[in-house]
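Peer 1: Below is the file my_file.cif, which contains mmCIF, C-alpha atoms.
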```cif
data_target
#
loop_
_atom_site.group_PDB
_atom_site.id
_atom_site.type_symbol
_atom_site.label_atom_id
_atom_site.label_comp_id
_atom_site.auth_asym_id
_atom_site.auth_seq_id
_atom_site.Cartn_x
_atom_site.Cartn_y
_atom_site.Cartn_z
ATOM 1 C CA MET O 217 7.584 -16.185 -3.329
ATOM 2 C CA CYS O 218 6.416 -12.752 -4.448
ATOM 3 C CA ASN O 219 5.579 -14.235 -7.864
ATOM 4 C CA VAL O 220 3.668 -17.101 -6.258
ATOM 5 C CA SER O 221 1.540 -14.806 -4.123
ATOM 6 C CA ASP O 222 0.986 -12.278 -6.909
ATOM 7 C CA LYS O 223 -0.096 -14.825 -9.522
ATOM 8 C CA ILE O 224 -2.515 -16.483 -7.118
ATOM 9 C CA ALA O 225 -4.076 -13.046 -6.616
ATOM 10 C CA GLU O 226 -4.176 -12.348 -10.366
ATOM 11 C CA ASP O 227 -5.879 -15.694 -11.071
ATOM 12 C CA SER O 228 -8.280 -15.414 -8.091
ATOM 13 C CA ALA O 229 -7.166 -18.953 -7.269
ATOM 14 C CA LEU O 230 -8.201 -18.639 -3.613
ATOM 15 C CA GLU O 231 -11.542 -16.943 -4.326
ATOM 16 C CA LYS O 232 -13.746 -19.632 -2.771
ATOM 17 C CA TYR O 233 -11.569 -19.735 0.354
ATOM 18 C CA LEU O 234 -11.813 -15.990 1.102
ATOM 19 C CA TYR O 235 -13.716 -14.986 4.223
ATOM 20 C CA GLU O 236 -16.193 -12.760 2.358
ATOM 21 C CA ASN O 237 -17.130 -15.828 0.281
ATOM 22 C CA GLY O 238 -17.706 -18.019 3.310
ATOM 23 C CA GLY O 239 -14.150 -19.315 3.588
ATOM 24 C CA PRO O 240 -11.521 -18.850 6.318
ATOM 25 C CA VAL O 241 -8.862 -16.734 4.522
ATOM 26 C CA VAL O 242 -8.804 -12.952 5.086
ATOM 27 C CA GLY O 243 -5.522 -12.263 3.334
ATOM 28 C CA TYR O 244 -2.145 -13.562 2.276
ATOM 29 C CA GLY O 245 1.191 -12.302 1.068
ATOM 30 C CA PRO O 246 4.992 -12.423 1.492
ATOM 31 C CA PHE O 247 5.768 -11.414 5.060
ATOM 32 C CA ASN O 248 9.120 -10.598 6.654
ATOM 33 C CA LYS O 249 11.090 -11.650 3.589
ATOM 34 C CA GLY O 250 11.156 -15.353 4.185
ATOM 35 C CA TYR O 251 7.726 -16.935 3.910
ATOM 36 C CA ILE O 252 4.147 -16.492 2.748
ATOM 37 C CA ASN O 253 1.693 -15.840 5.549
ATOM 38 C CA ILE O 254 -1.896 -17.010 5.079
ATOM 39 C CA LEU O 255 -4.220 -15.230 7.492
ATOM 40 C CA ILE O 256 -7.140 -17.229 8.890
ATOM 41 C CA HIS O 257 -10.033 -15.307 10.436
ATOM 42 C CA GLU O 258 -10.287 -15.788 14.188
ATOM 43 C CA GLU O 259 -13.820 -17.189 13.824
ATOM 44 C CA CYS O 260 -12.347 -20.047 11.758
ATOM 45 C CA GLY O 261 -9.593 -21.000 14.164
ATOM 46 C CA ASN O 262 -10.772 -24.618 14.298
ATOM 47 C CA ILE O 263 -10.280 -25.142 10.560
ATOM 48 C CA SER O 264 -9.476 -28.762 9.731
ATOM 49 C CA GLN O 265 -6.091 -30.015 8.603
ATOM 50 C CA SER O 266 -7.627 -31.201 5.340
ATOM 51 C CA ASN O 267 -8.904 -27.697 4.566
ATOM 52 C CA LEU O 268 -5.513 -26.229 5.371
ATOM 53 C CA LYS O 269 -3.938 -28.746 3.021
ATOM 54 C CA GLU O 270 -6.344 -27.744 0.225
ATOM 55 C CA ILE O 271 -5.227 -24.150 0.593
ATOM 56 C CA TYR O 272 -1.548 -25.068 0.841
ATOM 57 C CA ASP O 273 -1.800 -27.257 -2.277
ATOM 58 C CA ILE O 274 -2.778 -24.209 -4.318
ATOM 59 C CA PHE O 275 0.371 -22.413 -3.217
ATOM 60 C CA GLU O 276 2.418 -25.538 -3.933
ATOM 61 C CA ILE O 277 1.044 -25.722 -7.499
ATOM 62 C CA TYR O 278 1.975 -22.105 -8.162
ATOM 63 C CA ALA O 279 5.382 -22.611 -6.525
ATOM 64 C CA PHE O 280 6.056 -25.493 -8.927
ATOM 65 C CA LYS O 281 5.381 -23.111 -11.831
ATOM 66 C CA GLU O 282 8.144 -20.896 -10.402
ATOM 67 C CA ASP O 283 10.559 -23.846 -10.247
ATOM 68 C CA MET O 284 10.284 -24.066 -6.456
ATOM 69 C CA SER O 285 10.256 -27.564 -5.017
ATOM 70 C CA ASP O 286 8.732 -26.288 -1.799
ATOM 71 C CA VAL O 287 7.137 -23.046 -0.633
ATOM 72 C CA PRO O 288 7.462 -21.834 2.976
ATOM 73 C CA VAL O 289 3.938 -21.083 4.217
ATOM 74 C CA ILE O 290 2.778 -20.073 7.686
ATOM 75 C CA PHE O 291 -0.898 -20.113 8.657
ATOM 76 C CA SER O 292 -1.778 -17.631 11.392
ATOM 77 C CA ILE O 293 -4.959 -16.485 13.094
ATOM 78 C CA GLU O 294 -5.912 -12.922 12.218
ATOM 79 C CA LYS O 295 -7.844 -11.260 15.004
ATOM 80 C CA THR O 296 -10.424 -8.591 14.310
ATOM 81 C CA PRO O 297 -8.564 -5.335 13.543
ATOM 82 C CA SER O 298 -8.272 -3.026 16.550
ATOM 83 C CA PHE O 299 -8.522 0.192 14.529
ATOM 84 C CA SER O 300 -11.952 1.677 13.974
ATOM 85 C CA VAL O 301 -13.143 4.323 11.566
ATOM 86 C CA SER O 302 -14.917 7.259 13.171
ATOM 87 C CA GLU O 303 -16.654 10.080 11.376
ATOM 88 C CA ALA O 304 -14.364 12.990 10.520
ATOM 89 C CA THR O 305 -15.572 16.544 11.116
ATOM 90 C CA GLU O 306 -13.472 18.240 8.453
ATOM 91 C CA THR O 307 -14.265 18.370 4.744
ATOM 92 C CA MET O 308 -11.723 17.531 2.056
ATOM 93 C CA GLU O 309 -11.323 21.226 1.285
ATOM 94 C CA LYS O 310 -10.469 22.081 4.865
ATOM 95 C CA ALA O 311 -8.230 19.049 5.212
ATOM 96 C CA SER O 312 -6.157 19.947 2.172
ATOM 97 C CA ALA O 313 -5.161 23.187 3.898
ATOM 98 C CA LEU O 314 -4.011 21.394 7.026
ATOM 99 C CA ALA O 315 -0.799 19.779 5.744
ATOM 100 C CA VAL O 316 1.735 19.968 8.565
ATOM 101 C CA LEU O 317 5.373 20.915 8.248
ATOM 102 C CA GLY O 318 6.543 17.387 9.029
ATOM 103 C CA TYR O 319 5.301 15.962 5.753
ATOM 104 C CA ASN O 320 7.051 18.714 3.829
ATOM 105 C CA SER O 321 10.372 18.309 5.632
ATOM 106 C CA SER O 322 13.448 16.905 3.922
ATOM 107 C CA PHE O 323 14.073 13.244 4.759
ATOM 108 C CA ARG O 324 17.445 11.624 4.019
ATOM 109 C CA PRO O 325 17.351 8.737 3.670
ATOM 110 C CA VAL O 326 14.047 9.056 1.822
ATOM 111 C CA ILE O 327 11.222 7.167 3.526
ATOM 112 C CA GLY O 328 7.651 6.462 2.501
ATOM 113 C CA GLY O 329 4.731 8.681 3.474
ATOM 114 C CA VAL O 330 6.494 12.043 3.053
ATOM 115 C CA GLY O 331 5.848 14.877 0.637
ATOM 116 C CA MET O 332 7.357 15.104 -2.857
ATOM 117 C CA GLU O 333 6.936 17.078 -6.082
ATOM 118 C CA THR O 334 7.829 16.399 -9.692
ATOM 119 C CA SER O 335 9.176 18.496 -12.516
ATOM 120 C CA LYS O 336 5.663 18.252 -14.002
ATOM 121 C CA LEU O 337 4.614 20.625 -11.169
ATOM 122 C CA LEU O 338 2.533 17.892 -9.537
ATOM 123 C CA SER O 339 2.546 17.353 -5.784
ATOM 124 C CA GLY O 340 2.218 13.972 -4.087
ATOM 125 C CA THR O 341 3.577 11.555 -1.502
ATOM 126 C CA VAL O 342 6.387 8.982 -1.511
ATOM 127 C CA GLY O 343 4.940 5.463 -1.299
ATOM 128 C CA PHE O 344 7.516 3.029 0.053
ATOM 129 C CA ALA O 345 11.097 1.908 -0.485
ATOM 130 C CA ALA O 346 11.607 -0.905 -2.993
ATOM 131 C CA ILE O 347 14.251 -2.764 -4.934
ATOM 132 C CA GLN O 348 14.204 -3.471 -8.655
ATOM 133 C CA ASN O 349 14.017 -7.170 -9.521
ATOM 134 C CA GLY O 350 17.181 -8.619 -11.023
ATOM 135 C CA THR O 351 19.318 -5.705 -9.876
ATOM 136 C CA ASN O 352 20.634 -4.207 -6.666
ATOM 137 C CA GLN O 353 19.000 -0.895 -7.499
ATOM 138 C CA LYS O 354 17.108 0.579 -4.574
ATOM 139 C CA GLY O 355 14.578 3.353 -4.814
ATOM 140 C CA PHE O 356 11.003 4.143 -3.974
ATOM 141 C CA VAL O 357 7.565 3.711 -5.495
ATOM 142 C CA THR O 358 4.987 6.433 -6.003
ATOM 143 C CA ALA O 359 2.043 7.180 -8.319
ATOM 144 C CA ALA O 360 2.854 7.328 -12.045
ATOM 145 C CA HIS O 361 0.230 9.991 -12.692
ATOM 146 C CA LEU O 362 2.423 12.439 -10.747
ATOM 147 C CA SER O 363 4.643 12.452 -13.844
ATOM 148 C CA ASN O 364 1.714 12.307 -16.284
ATOM 149 C CA PHE O 365 2.882 8.740 -16.995
ATOM 150 C CA SER O 366 6.127 10.038 -18.542
ATOM 151 C CA ARG O 367 9.654 10.945 -17.480
ATOM 152 C CA ALA O 368 10.036 13.448 -14.641
ATOM 153 C CA THR O 369 12.543 14.528 -12.020
ATOM 154 C CA VAL O 370 11.397 13.909 -8.444
ATOM 155 C CA TYR O 371 12.083 16.308 -5.586
ATOM 156 C CA GLN O 372 11.698 15.610 -1.896
ATOM 157 C CA PRO O 373 10.135 17.503 -0.316
ATOM 158 C CA LEU O 374 9.620 20.402 -2.728
ATOM 159 C CA LEU O 375 10.624 21.489 -6.209
ATOM 160 C CA LEU O 376 12.519 24.568 -4.988
ATOM 161 C CA HIS O 377 14.034 22.974 -1.892
ATOM 162 C CA PRO O 378 17.870 23.088 -1.790
ATOM 163 C CA ASN O 379 19.314 19.737 -2.882
ATOM 164 C CA GLY O 380 15.738 18.534 -3.325
ATOM 165 C CA SER O 381 16.290 16.353 -6.400
ATOM 166 C CA VAL O 382 16.339 12.667 -5.402
ATOM 167 C CA GLY O 383 15.936 10.840 -8.711
ATOM 168 C CA SER O 384 14.020 10.504 -11.941
ATOM 169 C CA MET O 385 11.005 8.356 -12.769
ATOM 170 C CA ASN O 386 10.441 6.956 -16.232
ATOM 171 C CA VAL O 387 7.092 5.262 -16.831
ATOM 172 C CA ASN O 388 7.109 2.490 -19.418
ATOM 173 C CA TYR O 389 3.718 0.919 -18.689
ATOM 174 C CA THR O 390 0.658 3.138 -18.464
ATOM 175 C CA ASN O 391 -1.944 0.641 -17.242
ATOM 176 C CA ILE O 392 -0.581 0.583 -13.696
ATOM 177 C CA ASP O 393 -0.494 3.813 -11.694
ATOM 178 C CA ALA O 394 2.915 3.164 -10.164
ATOM 179 C CA ALA O 395 6.447 4.279 -10.953
ATOM 180 C CA PHE O 396 9.895 3.581 -9.546
ATOM 181 C CA VAL O 397 12.380 6.310 -8.677
ATOM 182 C CA PRO O 398 15.955 4.935 -8.466
ATOM 183 C CA CYS O 399 17.519 6.309 -5.278
ATOM 184 C CA ASN O 400 20.080 4.474 -3.169
ATOM 185 C CA ASN O 401 19.530 6.747 -0.172
ATOM 186 C CA VAL O 402 16.288 5.148 1.021
ATOM 187 C CA ASN O 403 15.185 3.445 4.217
ATOM 188 C CA GLY O 404 13.174 0.328 3.546
ATOM 189 C CA THR O 405 12.132 -0.364 7.104
ATOM 190 C CA LYS O 406 9.967 2.625 8.003
ATOM 191 C CA PHE O 407 7.711 5.339 6.735
ATOM 192 C CA TYR O 408 6.310 8.484 8.219
ATOM 193 C CA SER O 409 2.766 8.866 9.515
ATOM 194 C CA LYS O 410 1.459 11.802 11.486
ATOM 195 C CA VAL O 411 -2.030 12.401 12.793
ATOM 196 C CA LEU O 412 -3.532 15.750 11.844
ATOM 197 C CA ASN O 413 -6.309 17.532 13.696
ATOM 198 C CA ASN O 414 -8.850 16.382 11.118
ATOM 199 C CA SER O 415 -7.805 12.735 11.223
ATOM 200 C CA SER O 416 -10.420 9.996 11.362
ATOM 201 C CA VAL O 417 -7.972 7.887 13.376
ATOM 202 C CA ARG O 418 -8.812 8.538 17.017
ATOM 203 C CA GLN O 419 -6.569 5.944 18.618
ATOM 204 C CA TYR O 420 -3.582 8.290 18.417
ATOM 205 C CA ALA O 421 -3.259 11.709 19.994
ATOM 206 C CA ASN O 422 -3.331 14.528 17.440
ATOM 207 C CA GLY O 423 0.168 15.367 16.291
ATOM 208 C CA THR O 424 1.599 11.950 17.200
ATOM 209 C CA GLU O 425 4.279 10.664 14.840
ATOM 210 C CA ILE O 426 4.304 6.959 14.074
ATOM 211 C CA ASN O 427 7.304 5.362 12.405
ATOM 212 C CA HIS O 428 6.023 1.949 11.326
ATOM 213 C CA SER O 429 8.356 -0.923 10.550
ATOM 214 C CA VAL O 430 7.390 -2.672 7.306
ATOM 215 C CA GLY O 431 6.677 -6.361 7.898
ATOM 216 C CA GLY O 432 5.653 -7.375 4.375
ATOM 217 C CA TYR O 433 2.861 -6.840 1.898
ATOM 218 C CA TYR O 434 -0.506 -8.321 1.017
ATOM 219 C CA GLY O 435 -1.171 -10.177 -2.190
ATOM 220 C CA THR O 436 -4.864 -9.907 -1.347
ATOM 221 C CA ILE O 437 -6.837 -8.702 1.660
ATOM 222 C CA GLY O 438 -10.504 -9.380 2.338
ATOM 223 C CA ASN O 439 -13.397 -6.945 2.548
ATOM 224 C CA ASN O 440 -14.323 -5.008 5.695
ATOM 225 C CA TYR O 441 -10.756 -4.630 6.900
ATOM 226 C CA THR O 442 -9.607 -1.357 8.394
ATOM 227 C CA VAL O 443 -6.593 0.119 6.655
ATOM 228 C CA LEU O 444 -4.545 3.262 7.134
ATOM 229 C CA LYS O 445 -2.964 5.666 4.712
ATOM 230 C CA SER O 446 -0.305 8.334 5.135
ATOM 231 C CA GLY O 447 -0.228 11.386 2.889
ATOM 232 C CA LYS O 448 1.147 14.915 2.909
ATOM 233 C CA ALA O 449 -2.283 16.568 2.550
ATOM 234 C CA THR O 450 -4.364 14.781 5.175
ATOM 235 C CA GLY O 451 -1.877 12.847 7.303
ATOM 236 C CA LEU O 452 -2.878 9.508 8.808
ATOM 237 C CA THR O 453 -6.467 8.462 8.083
ATOM 238 C CA SER O 454 -8.378 5.197 8.014
ATOM 239 C CA GLY O 455 -11.021 3.438 5.934
ATOM 240 C CA THR O 456 -12.451 0.013 5.164
ATOM 241 C CA THR O 457 -11.657 -2.285 2.230
ATOM 242 C CA ILE O 458 -14.570 -3.138 -0.063
ATOM 243 C CA GLY O 459 -12.849 -5.070 -2.861
ATOM 244 C CA TYR O 460 -11.103 -4.563 -6.217
ATOM 245 C CA TYR O 461 -11.900 -3.224 -9.671
ATOM 246 C CA ASN O 462 -10.386 -4.660 -12.855
ATOM 247 C CA ASN O 463 -9.872 -2.612 -16.033
ATOM 248 C CA TYR O 464 -11.132 0.558 -14.386
ATOM 249 C CA THR O 465 -10.668 3.892 -16.127
ATOM 250 C CA PHE O 466 -9.220 6.430 -13.720
ATOM 251 C CA VAL O 467 -6.886 9.414 -13.993
ATOM 252 C CA GLY O 468 -7.641 9.359 -17.715
ATOM 253 C CA VAL O 469 -6.321 5.855 -18.440
ATOM 254 C CA LYS O 470 -7.590 2.299 -18.128
ATOM 255 C CA LEU O 471 -5.842 0.742 -15.126
ATOM 256 C CA ASP O 472 -5.500 -3.028 -14.836
ATOM 257 C CA ARG O 473 -6.526 -3.308 -11.190
ATOM 258 C CA LEU O 474 -7.433 -0.996 -8.316
ATOM 259 C CA GLY O 475 -8.262 -1.651 -4.674
ATOM 260 C CA VAL O 476 -11.206 0.247 -3.200
ATOM 261 C CA VAL O 477 -11.605 1.747 0.289
ATOM 262 C CA GLU O 478 -14.622 3.496 1.803
ATOM 263 C CA PRO O 479 -15.107 6.274 2.742
ATOM 264 C CA CYS O 480 -12.712 8.719 1.088
ATOM 265 C CA ILE O 481 -9.461 8.796 3.098
ATOM 266 C CA GLY O 482 -7.413 11.361 1.155
ATOM 267 C CA THR O 483 -7.290 14.337 -1.167
ATOM 268 C CA GLY O 484 -4.957 16.072 -3.623
ATOM 269 C CA GLY O 485 -1.342 15.707 -2.506
ATOM 270 C CA ASP O 486 -1.892 12.262 -0.950
ATOM 271 C CA SER O 487 -1.421 10.478 -4.303
ATOM 272 C CA GLY O 488 1.358 7.930 -4.230
ATOM 273 C CA GLY O 489 1.268 7.595 -0.442
ATOM 274 C CA PRO O 490 1.319 4.176 1.264
ATOM 275 C CA ILE O 491 -1.838 2.349 2.253
ATOM 276 C CA PHE O 492 -1.324 -0.386 4.838
ATOM 277 C CA HIS O 493 -2.750 -2.572 7.568
ATOM 278 C CA ILE O 494 -1.356 -2.811 11.101
ATOM 279 C CA ARG O 495 -1.207 -6.294 12.578
ATOM 280 C CA GLU O 496 -0.860 -7.313 16.204
ATOM 281 C CA ASP O 497 2.932 -7.261 15.968
ATOM 282 C CA GLY O 498 2.682 -3.490 15.462
ATOM 283 C CA LYS O 499 4.225 -3.640 11.993
ATOM 284 C CA ALA O 500 2.799 -2.159 8.823
ATOM 285 C CA TYR O 501 1.856 -4.596 6.066
ATOM 286 C CA LEU O 502 1.692 -2.747 2.774
ATOM 287 C CA MET O 503 -1.301 -2.933 0.475
ATOM 288 C CA GLY O 504 -0.304 -0.436 -2.197
ATOM 289 C CA THR O 505 -0.183 3.258 -3.054
ATOM 290 C CA ILE O 506 -2.947 5.853 -3.350
ATOM 291 C CA THR O 507 -4.215 6.570 -6.863
ATOM 292 C CA GLY O 508 -7.153 8.893 -6.175
ATOM 293 C CA GLY O 509 -10.717 9.111 -5.013
ATOM 294 C CA SER O 510 -13.876 11.140 -4.622
ATOM 295 C CA GLY O 511 -16.188 12.312 -1.884
ATOM 296 C CA THR O 512 -15.748 13.974 1.490
ATOM 297 C CA LEU O 513 -12.890 12.936 3.742
ATOM 298 C CA GLY O 514 -14.096 10.458 6.359
ATOM 299 C CA ILE O 515 -17.755 10.968 5.453
ATOM 300 C CA ASN O 516 -18.556 9.428 2.060
ATOM 301 C CA GLY O 517 -17.047 8.578 -1.306
ATOM 302 C CA ARG O 518 -14.192 6.192 -2.049
ATOM 303 C CA THR O 519 -10.425 6.037 -2.310
ATOM 304 C CA TYR O 520 -8.703 3.932 -4.971
ATOM 305 C CA TYR O 521 -5.254 2.422 -4.579
ATOM 306 C CA THR O 522 -2.832 0.491 -6.776
ATOM 307 C CA PRO O 523 -2.270 -2.901 -5.088
ATOM 308 C CA CYS O 524 1.229 -4.170 -4.338
ATOM 309 C CA THR O 525 0.533 -7.086 -6.683
ATOM 310 C CA GLU O 526 0.339 -4.592 -9.562
ATOM 311 C CA ILE O 527 3.531 -2.855 -8.462
ATOM 312 C CA THR O 528 5.495 -6.104 -8.221
ATOM 313 C CA LYS O 529 4.351 -6.991 -11.764
ATOM 314 C CA LEU O 530 6.472 -4.024 -12.845
ATOM 315 C CA GLY O 531 9.477 -5.570 -11.103
ATOM 316 C CA TYR O 532 9.530 -3.414 -7.966
ATOM 317 C CA VAL O 533 9.461 -5.326 -4.667
ATOM 318 C CA PRO O 534 8.944 -3.603 -1.287
ATOM 319 C CA LEU O 535 11.948 -3.514 1.023
ATOM 320 C CA PHE O 536 11.046 -5.094 4.351
ATOM 321 C CA ARG O 537 14.291 -4.444 6.170
ATOM 322 C CA GLU O 538 17.803 -3.139 5.491
#
```
Show how you would write the structure in this file as C-alpha cells.

Peer 2:
Amino acid sequence: MCNVSDKIAEDSALEKYLYENGGPVVGYGPFNKGYINILIHEECGNISQSNLKEIYDIFEIYAFKEDMSDVPVIFSIEKTPSFSVSEATETMEKASALAVLGYNSSFRPVIGGVGMETSKLLSGTVGFAAIQNGTNQKGFVTAAHLSNFSRATVYQPLLLHPNGSVGSMNVNYTNIDAAFVPCNNVNGTKFYSKVLNNSSVRQYANGTEINHSVGGYYGTIGNNYTVLKSGKATGLTSGTTIGYYNNYTFVGVKLDRLGVVEPCIGTGGDSGGPIFHIREDGKAYLMGTITGGSGTLGINGRTYYTPCTEITKLGYVPLFRE
C-alpha cells in the first residue's frame, strides 16, 4: 500500500483531482497501517459516487501493478484545519538561542523530534521511527546532510553525552536528503514536541509538551494546509504548504523532490525533524523531515522538507504503532 500511494504521488496521477486544481482531494496516504485514506475537502462532501469511483480506479490500477487484487481505501471528509499561523515576534537568530533543555535530554527509547548530533560535528533533530523494508530492522530517519551524505555515528542527544551513541548512518543515495539510523531501541508511536516562547503556534500554552501518536503519513497533501514541525532549535512551529519542487538544488546537491512551506518555520539545528499535520483524531500524520530553509522565523521566507514519499523510496517506512 505504501508503494501504491508513493507511485501515484510520483506520477502525479491524481493531479486533476486535487483541491487546488478544482478537484475534491486534499491529500492521501497510508493511514493506521491497514488502508489508504483519501481525504475529501469538506466543501466537496456531496461528491458523486461516479467521481469517487474514478478516483478509486486510479488506486486500483496502481494496486494491480503491485500484484494486489484489491486495495483497501477509505474516503473521509477533511475539515478545515483548526491550527492557524500567527506572526512570530522573534527572529531566527533569537530563536536559535532559545533551545530548551527538553530537546537536548536523553530519550530511550529514541523518539522523533528530539536533539541529536553526528560525528561530523553537525547538530540536528531525530525525524521519526521507521522500519527497513524487507527486514525487521528498526531505526529512525533524519536528514542525510547531517552526515555530509556519508557515514557518521549518531549521538542522542549530544556528542559528548555519556552513552550517547545510538547508531550509525550510511548514505548510499545522495539525491534524497534522508538517512536511516539502525536502532532497535526506538518508539514508533510518538515524538516529542514542545512549545517555546517564540513559537508561532498559539493554541498551546508556552512550555506545553505534546506527545503525538503517529497515525500514518501523507503521500501528497494539498496547498494551503497548516502543518507543524518539531525541532531542537525552535521547538513546535507552524506554517502553510505551498507545493513541491522537483530536481531542486539545495544543501549543495540536486534533490529529487522537496515540499515547501511558508513562512520559514525553523533554523539551524531543526534539520531532520518531523513535519506533520494534526487531524481531528488528534494524531500526527507525517509529511516528511526538515531539509532547510531561508528567511525569518514566522515572518517570511520558506522551509523545505523531504517528503515521506522520497523516504519510502529508500526503503524506510514510518512506524505507526508498536

Peer 1: Which value, in Å to one decimal, gives the distance between CA of Ile327 in chain O and CA of Pro373 in chain O?

Peer 2: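 Value for the CA of Ile327 in chain O-CA of Pro373 in chain O distance: 11.1 Å.
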
Peer 1: Counting all atoms listed in the file, which of O:Thr505, O:Leu444, O:Gly245, O:Thr525 gets nearest to Ala359 in chain O?

Peer 2: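 Answer, going by the shortest atom-to-atom distance: O:Thr505.
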
Peer 1: Using the chain letters and numbers from the file, give me the residues hit by the PyMOL selection byres ((chain O and resi 255) around 7), as a ChimeraX atom specification.

Peer 2: /O:241-244,253-254,256-257,291-294

Peer 1: Would you work out the distance separating CA of Ser366 in chain O from CA of Asn219 in chain O, expressed in Å to one decimal?

Peer 2: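 Rounded to one decimal, the two atoms are 26.5 Å apart.
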
Peer 1: Run through the PyMOL selection byres ((chain O and resi 336-340) around 6) on the given coordinates and return the selected residues as a VMD selection string.

Peer 2: chain O and resid 332 to 335 341 362 to 363 485 to 487

Peer 1: Of the candidates O:Ser510, O:Asn440, O:Ser446, O:Thr390, which shows the shortest atom-to-atom distance to Gly459 in chain O, using all atoms listed in the file?

Peer 2: O:Asn440

Peer 1: Could you tell me which of O:Phe323, O:Tyr460, O:Tyr433, O:Phe466 comes closest to His361 in chain O if we count only C-alpha atoms?

Peer 2: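 Of the candidates, the smallest distance to His361 in chain O is held by O:Phe466.
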
Peer 1: Can you give me, as a PDB file with C-alpha atoms, in the coordinates of the input, the residues this file yields under the PyMOL selection byres ((chain O and resi 331) around 12)?

Peer 2:
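New file expr.pdb:
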```pdb
ATOM      1  CA  ALA O 315      -0.799  19.779   5.744  1.00  0.00           C
ATOM      2  CA  VAL O 316       1.735  19.968   8.565  1.00  0.00           C
ATOM      3  CA  LEU O 317       5.373  20.915   8.248  1.00  0.00           C
ATOM      4  CA  GLY O 318       6.543  17.387   9.029  1.00  0.00           C
ATOM      5  CA  TYR O 319       5.301  15.962   5.753  1.00  0.00           C
ATOM      6  CA  ASN O 320       7.051  18.714   3.829  1.00  0.00           C
ATOM      7  CA  SER O 321      10.372  18.309   5.632  1.00  0.00           C
ATOM      8  CA  SER O 322      13.448  16.905   3.922  1.00  0.00           C
ATOM      9  CA  PHE O 323      14.073  13.244   4.759  1.00  0.00           C
ATOM     10  CA  VAL O 326      14.047   9.056   1.822  1.00  0.00           C
ATOM     11  CA  ILE O 327      11.222   7.167   3.526  1.00  0.00           C
ATOM     12  CA  GLY O 328       7.651   6.462   2.501  1.00  0.00           C
ATOM     13  CA  GLY O 329       4.731   8.681   3.474  1.00  0.00           C
ATOM     14  CA  VAL O 330       6.494  12.043   3.053  1.00  0.00           C
ATOM     15  CA  MET O 332       7.357  15.104  -2.857  1.00  0.00           C
ATOM     16  CA  GLU O 333       6.936  17.078  -6.082  1.00  0.00           C
ATOM     17  CA  THR O 334       7.829  16.399  -9.692  1.00  0.00           C
ATOM     18  CA  LEU O 338       2.533  17.892  -9.537  1.00  0.00           C
ATOM     19  CA  SER O 339       2.546  17.353  -5.784  1.00  0.00           C
ATOM     20  CA  GLY O 340       2.218  13.972  -4.087  1.00  0.00           C
ATOM     21  CA  THR O 341       3.577  11.555  -1.502  1.00  0.00           C
ATOM     22  CA  VAL O 342       6.387   8.982  -1.511  1.00  0.00           C
ATOM     23  CA  GLY O 343       4.940   5.463  -1.299  1.00  0.00           C
ATOM     24  CA  PHE O 344       7.516   3.029   0.053  1.00  0.00           C
ATOM     25  CA  THR O 358       4.987   6.433  -6.003  1.00  0.00           C
ATOM     26  CA  VAL O 370      11.397  13.909  -8.444  1.00  0.00           C
ATOM     27  CA  TYR O 371      12.083  16.308  -5.586  1.00  0.00           C
ATOM     28  CA  GLN O 372      11.698  15.610  -1.896  1.00  0.00           C
ATOM     29  CA  PRO O 373      10.135  17.503  -0.316  1.00  0.00           C
ATOM     30  CA  LEU O 374       9.620  20.402  -2.728  1.00  0.00           C
ATOM     31  CA  LEU O 375      10.624  21.489  -6.209  1.00  0.00           C
ATOM     32  CA  HIS O 377      14.034  22.974  -1.892  1.00  0.00           C
ATOM     33  CA  GLY O 380      15.738  18.534  -3.325  1.00  0.00           C
ATOM     34  CA  PHE O 407       7.711   5.339   6.735  1.00  0.00           C
ATOM     35  CA  TYR O 408       6.310   8.484   8.219  1.00  0.00           C
ATOM     36  CA  SER O 409       2.766   8.866   9.515  1.00  0.00           C
ATOM     37  CA  SER O 446      -0.305   8.334   5.135  1.00  0.00           C
ATOM     38  CA  GLY O 447      -0.228  11.386   2.889  1.00  0.00           C
ATOM     39  CA  LYS O 448       1.147  14.915   2.909  1.00  0.00           C
ATOM     40  CA  ALA O 449      -2.283  16.568   2.550  1.00  0.00           C
ATOM     41  CA  THR O 450      -4.364  14.781   5.175  1.00  0.00           C
ATOM     42  CA  GLY O 451      -1.877  12.847   7.303  1.00  0.00           C
ATOM     43  CA  GLY O 484      -4.957  16.072  -3.623  1.00  0.00           C
ATOM     44  CA  GLY O 485      -1.342  15.707  -2.506  1.00  0.00           C
ATOM     45  CA  ASP O 486      -1.892  12.262  -0.950  1.00  0.00           C
ATOM     46  CA  SER O 487      -1.421  10.478  -4.303  1.00  0.00           C
ATOM     47  CA  GLY O 488       1.358   7.930  -4.230  1.00  0.00           C
ATOM     48  CA  GLY O 489       1.268   7.595  -0.442  1.00  0.00           C
ATOM     49  CA  PRO O 490       1.319   4.176   1.264  1.00  0.00           C
TER      50      PRO O 490
END
```

Peer 1: Name the residues, using the chain letters and numbers of the file, that sit within 8 Å of (3.3, -20.3, 4.8) when counting all atoms listed in the file, and give them as a ChimeraX atom specification.

Peer 2: /O:251-254,272,287-291

Peer 1: Could you save the residues just selected, with C-alpha atoms, as a compact mmCIF listing (two decimals), in the coordinates of the input?

Peer 2:
```txt
# COMPACT_ATOMS: atom_id res chain seq x y z
CA TYR O 251 7.73 -16.93 3.91
CA ILE O 252 4.15 -16.49 2.75
CA ASN O 253 1.69 -15.84 5.55
CA ILE O 254 -1.90 -17.01 5.08
CA TYR O 272 -1.55 -25.07 0.84
CA VAL O 287 7.14 -23.05 -0.63
CA PRO O 288 7.46 -21.83 2.98
CA VAL O 289 3.94 -21.08 4.22
CA ILE O 290 2.78 -20.07 7.69
CA PHE O 291 -0.90 -20.11 8.66
```

Peer 1: Please tell me which residues are no farther than 6 Å from (10.6, 3.5, -5.9) in the file, counting all atoms listed in the file, and write them as a PDB file with C-alpha atoms, in the coordinates of the input.

Peer 2:
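result-v2.pdb, written as the output of this step:
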```pdb
ATOM      1  CA  ALA O 345      11.097   1.908  -0.485  1.00  0.00           C
ATOM      2  CA  ALA O 346      11.607  -0.905  -2.993  1.00  0.00           C
ATOM      3  CA  GLY O 355      14.578   3.353  -4.814  1.00  0.00           C
ATOM      4  CA  PHE O 356      11.003   4.143  -3.974  1.00  0.00           C
ATOM      5  CA  VAL O 357       7.565   3.711  -5.495  1.00  0.00           C
ATOM      6  CA  PHE O 396       9.895   3.581  -9.546  1.00  0.00           C
ATOM      7  CA  VAL O 397      12.380   6.310  -8.677  1.00  0.00           C
TER       8      VAL O 397
END
```
